[in-house]
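Visitor: What follows is coords_20.txt; its format and atoms are compact mmCIF, C-alpha atoms.
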```
# COMPACT_ATOMS: atom_id res chain seq x y z
CA MET A 1 22.50 -0.34 -25.61
CA ALA A 2 24.36 1.46 -22.83
CA ILE A 3 24.35 5.24 -22.41
CA PHE A 4 27.46 6.85 -20.93
CA THR A 5 28.81 10.30 -20.15
CA PRO A 6 32.59 10.53 -20.70
CA GLY A 7 34.68 11.71 -17.76
CA VAL A 8 38.38 11.19 -17.11
CA ALA A 9 37.68 7.55 -17.91
CA VAL A 10 33.90 7.07 -17.86
CA GLY A 11 31.73 9.43 -15.83
CA GLN A 12 28.29 7.83 -16.07
CA ILE A 13 27.11 4.70 -17.78
CA SER A 14 23.74 2.97 -17.87
CA GLY A 15 22.68 -0.11 -19.82
CA ARG A 16 24.42 -3.17 -21.25
CA VAL A 17 27.86 -3.55 -22.78
CA GLY A 18 28.46 -7.13 -23.91
CA GLY A 19 27.69 -9.38 -20.94
CA THR A 20 27.87 -6.61 -18.31
CA VAL A 21 24.92 -4.49 -17.11
CA PHE A 22 25.62 -1.04 -15.64
CA ALA A 23 23.06 0.55 -13.32
CA HIS A 24 22.72 2.59 -10.14
CA ASN A 25 20.66 2.64 -6.97
CA ARG A 26 20.65 4.52 -3.66
CA GLY A 27 24.12 3.15 -2.91
CA GLY A 28 25.59 4.47 -6.14
CA ALA A 29 26.66 2.95 -9.43
CA TYR A 30 27.21 -0.78 -9.79
CA MET A 31 27.68 -3.41 -12.48
CA ARG A 32 26.63 -7.04 -12.70
CA ASN A 33 26.76 -9.94 -15.09
CA GLY A 34 23.80 -9.85 -17.42
CA SER A 35 21.82 -12.86 -18.50
CA ILE A 36 20.75 -13.40 -22.09
CA PRO A 37 16.93 -13.56 -22.01
CA SER A 38 15.20 -16.31 -23.89
CA ILE A 39 13.07 -15.10 -26.76
CA VAL A 40 9.39 -15.62 -26.03
CA MET A 41 7.21 -14.37 -28.85
CA THR A 42 3.89 -13.79 -27.14
CA GLN A 43 0.83 -12.54 -28.99
CA LYS A 44 1.28 -9.13 -27.34
CA ALA A 45 4.89 -8.94 -28.52
CA MET A 46 3.83 -9.88 -32.04
CA ASN A 47 1.13 -7.20 -31.92
CA TYR A 48 3.64 -4.52 -30.96
CA LYS A 49 6.06 -5.60 -33.63
CA GLY A 50 3.17 -5.16 -36.02
CA TYR A 51 2.39 -1.66 -34.69
CA LEU A 52 6.01 -0.59 -35.13
CA ALA A 53 6.19 -2.07 -38.61
CA ALA A 54 2.94 -0.39 -39.64
CA ALA A 55 4.08 2.96 -38.28
CA SER A 56 7.45 2.67 -40.04
CA GLN A 57 5.71 1.89 -43.33
CA ALA A 58 3.32 4.81 -42.84
CA TYR A 59 6.28 7.15 -42.34
CA ALA A 60 7.91 5.86 -45.53
CA ASN A 61 4.69 6.70 -47.40
CA LEU A 62 4.52 10.32 -46.19
CA THR A 63 4.85 13.18 -48.63
CA ASP A 64 8.10 15.15 -48.45
CA ALA A 65 6.25 18.08 -46.89
CA LYS A 66 4.77 15.96 -44.09
CA ALA A 67 8.10 14.26 -43.39
CA ALA A 68 9.72 17.71 -43.19
CA ALA A 69 7.08 18.76 -40.67
CA TRP A 70 8.02 15.81 -38.44
CA ARG A 71 11.73 16.69 -38.73
CA GLU A 72 10.96 20.23 -37.64
CA TYR A 73 8.87 18.94 -34.74
CA ALA A 74 11.73 16.66 -33.64
CA ALA A 75 14.23 19.51 -33.77
CA ASN A 76 12.00 21.60 -31.49
CA HIS A 77 11.17 18.81 -29.04
CA PRO A 78 14.32 17.20 -27.59
CA ILE A 79 13.84 14.46 -25.00
CA THR A 80 15.70 13.58 -21.81
CA ASN A 81 17.31 10.15 -21.48
CA ARG A 82 17.59 8.11 -18.28
CA LEU A 83 20.86 9.86 -17.35
CA GLY A 84 19.10 13.21 -17.50
CA ARG A 85 20.79 14.37 -20.70
CA SER A 86 18.84 16.04 -23.49
CA HIS A 87 19.06 14.72 -27.06
CA THR A 88 17.14 15.09 -30.30
CA LEU A 89 15.26 12.28 -32.00
CA SER A 90 14.73 12.07 -35.73
CA GLY A 91 11.40 12.95 -37.30
CA GLY A 92 10.92 9.27 -38.11
CA ASN A 93 11.52 8.29 -34.47
CA TRP A 94 8.83 10.71 -33.30
CA PHE A 95 6.37 9.59 -35.97
CA VAL A 96 6.81 5.89 -35.17
CA ALA A 97 6.61 6.44 -31.39
CA CYS A 98 3.38 8.45 -31.60
CA ASN A 99 1.67 6.31 -34.19
CA ALA A 100 2.64 2.93 -32.70
CA ARG A 101 0.87 4.08 -29.51
CA LEU A 102 -2.16 5.12 -31.53
CA PHE A 103 -2.28 1.73 -33.26
CA ALA A 104 -2.07 0.03 -29.84
CA ALA A 105 -5.09 2.08 -28.75
CA GLY A 106 -6.99 1.09 -31.89
CA LYS A 107 -6.73 4.53 -33.52
CA ASN A 108 -5.79 5.64 -37.03
CA VAL A 109 -2.45 7.01 -38.17
CA GLN A 110 -1.77 10.72 -37.66
CA GLU A 111 0.27 11.98 -40.61
CA LEU A 112 1.04 15.42 -39.15
CA PRO A 113 3.01 16.07 -35.95
CA PRO A 114 1.23 17.04 -32.71
CA ASN A 115 -0.18 20.55 -32.55
CA ALA A 116 -0.80 20.40 -28.80
CA PRO A 117 1.34 19.56 -25.75
CA ALA A 118 1.45 16.13 -24.15
CA PRO A 119 -1.33 15.46 -21.64
CA THR A 120 -0.61 16.26 -18.02
CA GLY A 121 -0.32 13.25 -15.76
CA SER A 122 -2.90 11.78 -13.43
CA LEU A 123 -1.92 10.69 -9.93
CA ILE A 124 -2.85 7.20 -8.81
CA VAL A 125 -5.08 7.98 -5.86
CA SER A 126 -5.28 4.33 -4.81
CA ALA A 127 -4.92 0.77 -6.01
CA ALA A 128 -6.33 -2.42 -4.51
CA VAL A 129 -5.61 -6.07 -5.27
CA ALA A 130 -7.39 -8.91 -3.42
CA ALA A 131 -6.48 -12.55 -3.96
CA GLY A 132 -9.59 -14.13 -2.45
CA ALA A 133 -12.03 -12.06 -4.46
CA SER A 134 -9.77 -11.99 -7.56
CA THR A 135 -10.25 -8.24 -7.86
CA ALA A 136 -7.88 -5.45 -8.88
CA THR A 137 -8.69 -1.78 -9.37
CA ILE A 138 -6.91 1.54 -9.85
CA THR A 139 -8.38 4.95 -9.03
CA LEU A 140 -6.95 8.05 -10.73
CA SER A 141 -7.06 11.69 -9.71
CA LYS A 142 -8.38 12.60 -13.17
CA ASN A 143 -11.77 10.97 -13.08
CA PRO A 144 -12.77 10.44 -15.81
CA THR A 145 -9.51 10.62 -17.77
CA GLY A 146 -10.88 13.22 -20.21
CA ASP A 147 -11.93 13.51 -23.83
CA ASN A 148 -9.54 11.60 -26.12
CA LYS A 149 -7.47 10.57 -23.09
CA HIS A 150 -6.80 6.88 -22.38
CA ALA A 151 -5.16 5.40 -19.27
CA TRP A 152 -2.12 3.37 -20.34
CA ILE A 153 -1.54 0.95 -17.46
CA ARG A 154 1.56 -1.17 -16.87
CA ALA A 155 2.37 -3.38 -13.89
CA ALA A 156 5.14 -5.42 -12.31
CA ARG A 157 4.76 -8.21 -9.76
CA VAL A 158 7.31 -9.02 -7.03
CA GLN A 159 7.24 -11.16 -3.91
CA SER A 160 8.51 -8.58 -1.42
CA GLY A 161 7.76 -4.98 -0.54
CA ARG A 162 11.52 -4.45 -0.20
CA ILE A 163 11.98 -4.88 -3.95
CA THR A 164 11.59 -1.41 -5.41
CA ASN A 165 13.73 -1.49 -8.56
CA VAL A 166 11.15 -2.90 -10.99
CA ARG A 167 11.71 -0.69 -14.05
CA ASN A 168 12.68 -3.65 -16.21
CA LYS A 169 9.77 -5.77 -14.99
CA PHE A 170 6.89 -3.57 -16.14
CA THR A 171 4.56 -5.01 -18.76
CA GLU A 172 1.50 -3.48 -20.35
CA ILE A 173 -1.74 -4.49 -18.66
CA LYS A 174 -4.39 -2.36 -20.32
CA ILE A 175 -5.08 0.67 -22.47
CA THR A 176 -8.52 1.88 -21.43
CA GLY A 177 -11.09 3.58 -23.58
CA ALA A 178 -11.16 7.38 -23.77
CA ASN A 179 -12.73 9.34 -20.90
CA GLU A 180 -12.48 6.29 -18.62
CA ALA A 181 -14.03 6.61 -15.17
CA SER A 182 -12.37 5.34 -11.98
CA PRO A 183 -12.09 2.93 -10.34
CA ILE A 184 -10.65 1.09 -13.36
CA ASN A 185 -11.11 -2.69 -13.21
CA ILE A 186 -7.90 -4.43 -14.32
CA ALA A 187 -8.30 -7.86 -12.68
CA THR A 188 -8.83 -9.86 -15.88
CA GLU A 189 -5.88 -8.28 -17.67
CA LEU A 190 -3.61 -8.43 -14.61
CA ILE A 191 -4.22 -12.15 -14.11
CA ALA A 192 -3.81 -12.85 -17.83
CA GLU A 193 -0.42 -11.09 -17.93
CA LEU A 194 1.11 -11.86 -14.52
CA GLY A 195 -0.72 -14.93 -13.23
CA SER A 196 -3.20 -15.64 -10.45
CA LEU A 197 -3.35 -13.23 -7.52
CA GLN A 198 -1.47 -14.36 -4.41
CA ALA A 199 -1.84 -12.74 -0.98
CA GLY A 200 1.36 -11.02 0.13
CA ASP A 201 2.69 -10.35 -3.36
CA TRP A 202 3.32 -6.75 -4.35
CA TYR A 203 2.20 -5.04 -7.55
CA HIS A 204 3.82 -1.89 -8.84
CA PHE A 205 1.52 0.07 -11.14
CA GLU A 206 2.54 2.70 -13.68
CA VAL A 207 -0.11 4.84 -15.37
CA ARG A 208 0.28 7.39 -18.16
CA LEU A 209 -2.40 9.26 -20.07
CA LEU A 210 -2.38 8.76 -23.85
CA ASP A 211 -3.87 11.45 -26.11
CA ASP A 212 -5.47 9.75 -29.11
CA ASN A 213 -5.33 12.97 -31.14
CA THR A 214 -1.54 13.08 -31.06
CA GLY A 215 -0.08 9.84 -29.69
CA LEU A 216 1.69 11.81 -26.97
CA ILE A 217 1.80 10.47 -23.40
CA SER A 218 2.03 12.08 -19.98
CA ALA A 219 4.65 11.56 -17.33
CA ALA A 220 4.18 8.35 -15.36
CA ALA A 221 2.41 7.99 -12.03
CA ILE A 222 3.63 5.01 -9.98
CA LEU A 223 2.20 3.27 -6.91
CA ALA A 224 2.96 -0.04 -5.20
CA VAL A 225 0.38 -2.09 -3.28
CA GLU A 226 0.42 -5.39 -1.38
CA THR A 227 -2.11 -8.05 -2.37
CA ALA A 228 -4.74 -8.60 0.30
CA ALA A 229 -5.96 -12.07 1.25
```
What would the structure in this file look like if it were written as structure tokens?

Guide:
Amino acid sequence: MAIFTPGVAVGQISGRVGGTVFAHNRGGAYMRNGSIPSIVMTQKAMNYKGYLAAASQAYANLTDAKAAAWREYAANHPITNRLGRSHTLSGGNWFVACNARLFAAGKNVQELPPNAPAPTGSLIVSAAVAAGASTATITLSKNPTGDNKHAWIRAARVQSGRITNVRNKFTEIKITGANEASPINIATELIAELGSLQAGDWYHFEVRLLDDNTGLISAAAILAVETAA
């Protein structure tokens, strides 16, 4: 769904309307014809549908008092969308977002809203991918990640270092265990998700910290690296 800010006609717009995709880059706003993606139901996609369904059912089973607590939390914690505008989610949205992440990390449902802030981010100090050795590692500035803190790692693969707009290409690679030490070995998961390593290809990595007490996540750290021979 597109997000837009009304102006005299339309001030800002981002997303899809019908067959047209609206976006922006360093040159300004632009629009292009959008393709209709084929539906590929991978095991990972099925797992995440299951996490969302389980979290939605858990919210429906909450007592009125606990649901009210999530509504109050949502009212006090607005978020910022990709156009930089603040808006308020529902209590159910917050509950499902937090608990779907917890399910993905293999944790139990949290019926009460977070009583602590989101974790602070961890910079990616370095990343290395080598085709010949079939190795891939990420080193974080928070080493280890901390008690109850998991590294949530996503990646995108492109064939040129000039391609920098990869936001829609990211896919989850790995959610580590809590208090994970660097360097983090991601070779097996990276190859399983994005194919065999090829020298000259570029990988963009995105890492957030996930707090398994709350389901909250940190801001993202992003780094791109070229695959060595």

Visitor: For range 88-147 of chain A against range 198-210 of chain A, with a cut-off of 7 Å and counting all atoms listed in the file, what is the closest atom pair and its distance in Å to one decimal for every residue that makes the cut, ordered by chain and number, as a Markdown table?

Guide:
```
| residue | atom | partner | partner_atom | distance |
| --- | --- | --- | --- | --- |
| A:Pro119 | CA | A:Leu209 | CA | 6.5 |
| A:Gly121 | CA | A:Leu209 | CA | 6.2 |
| A:Ala131 | CA | A:Gln198 | CA | 5.3 |
```

Visitor: Could you tell me how far CA of Ile217 in chain A lies from CA of His150 in chain A, in Å and to one decimal?

Guide: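 Interatomic distance, CA of Ile217 in chain A to CA of His150 in chain A: 9.4 Å.
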
Visitor: Excluding range 87-95 of chain A and any residue of its chain fewer than 3 positions from it, enumerate the residues within 10 Å of it, using only C-alpha atoms, and give them as a VMD selection string.

Guide: chain A and resid 55 to 56 58 to 60 66 to 81 84 98 to 100 109 to 114 214 to 216

Visitor: Please provide as a PyMOL selection string all residues within 7 Å of range 186-191 of chain A, with the sequence filter that same-chain residues fewer than 2 positions apart are discarded (counting all atoms listed in the file).

Guide: chain A and resi 134-137+173-174+184+193-197

Visitor: Quick one: residues within 7 Å of Ile175 in chain A, only C-alpha atoms, excluding same-chain residues fewer than 2 positions away - as JSON, numbers by chain?

Guide: {"A": [105, 150, 151, 152, 153, 177]}

Visitor: Which residue out of A:Asn168, A:Thr176, A:Asn61, A:Thr120 has the minimum interatomic distance to Ala221 in chain A when only C-alpha atoms are used?

Guide: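 Nearest candidate to Ala221 in chain A out of A:Asn168, A:Thr176, A:Asn61, A:Thr120: A:Thr120.
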
Visitor: Which is closer to Thr171 in chain A than all the others in A:Arg157, A:Leu102, A:Ser141, A:Ala65, using all atoms listed in the file?

Guide: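 The answer is A:Arg157, which sits nearest to Thr171 in chain A.
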
Visitor: Between A:Val166, A:Ala229, A:Val96, A:Lys149, single out the one closest to Ala133 in chain A, counting all atoms listed in the file.

Guide: A:Ala229
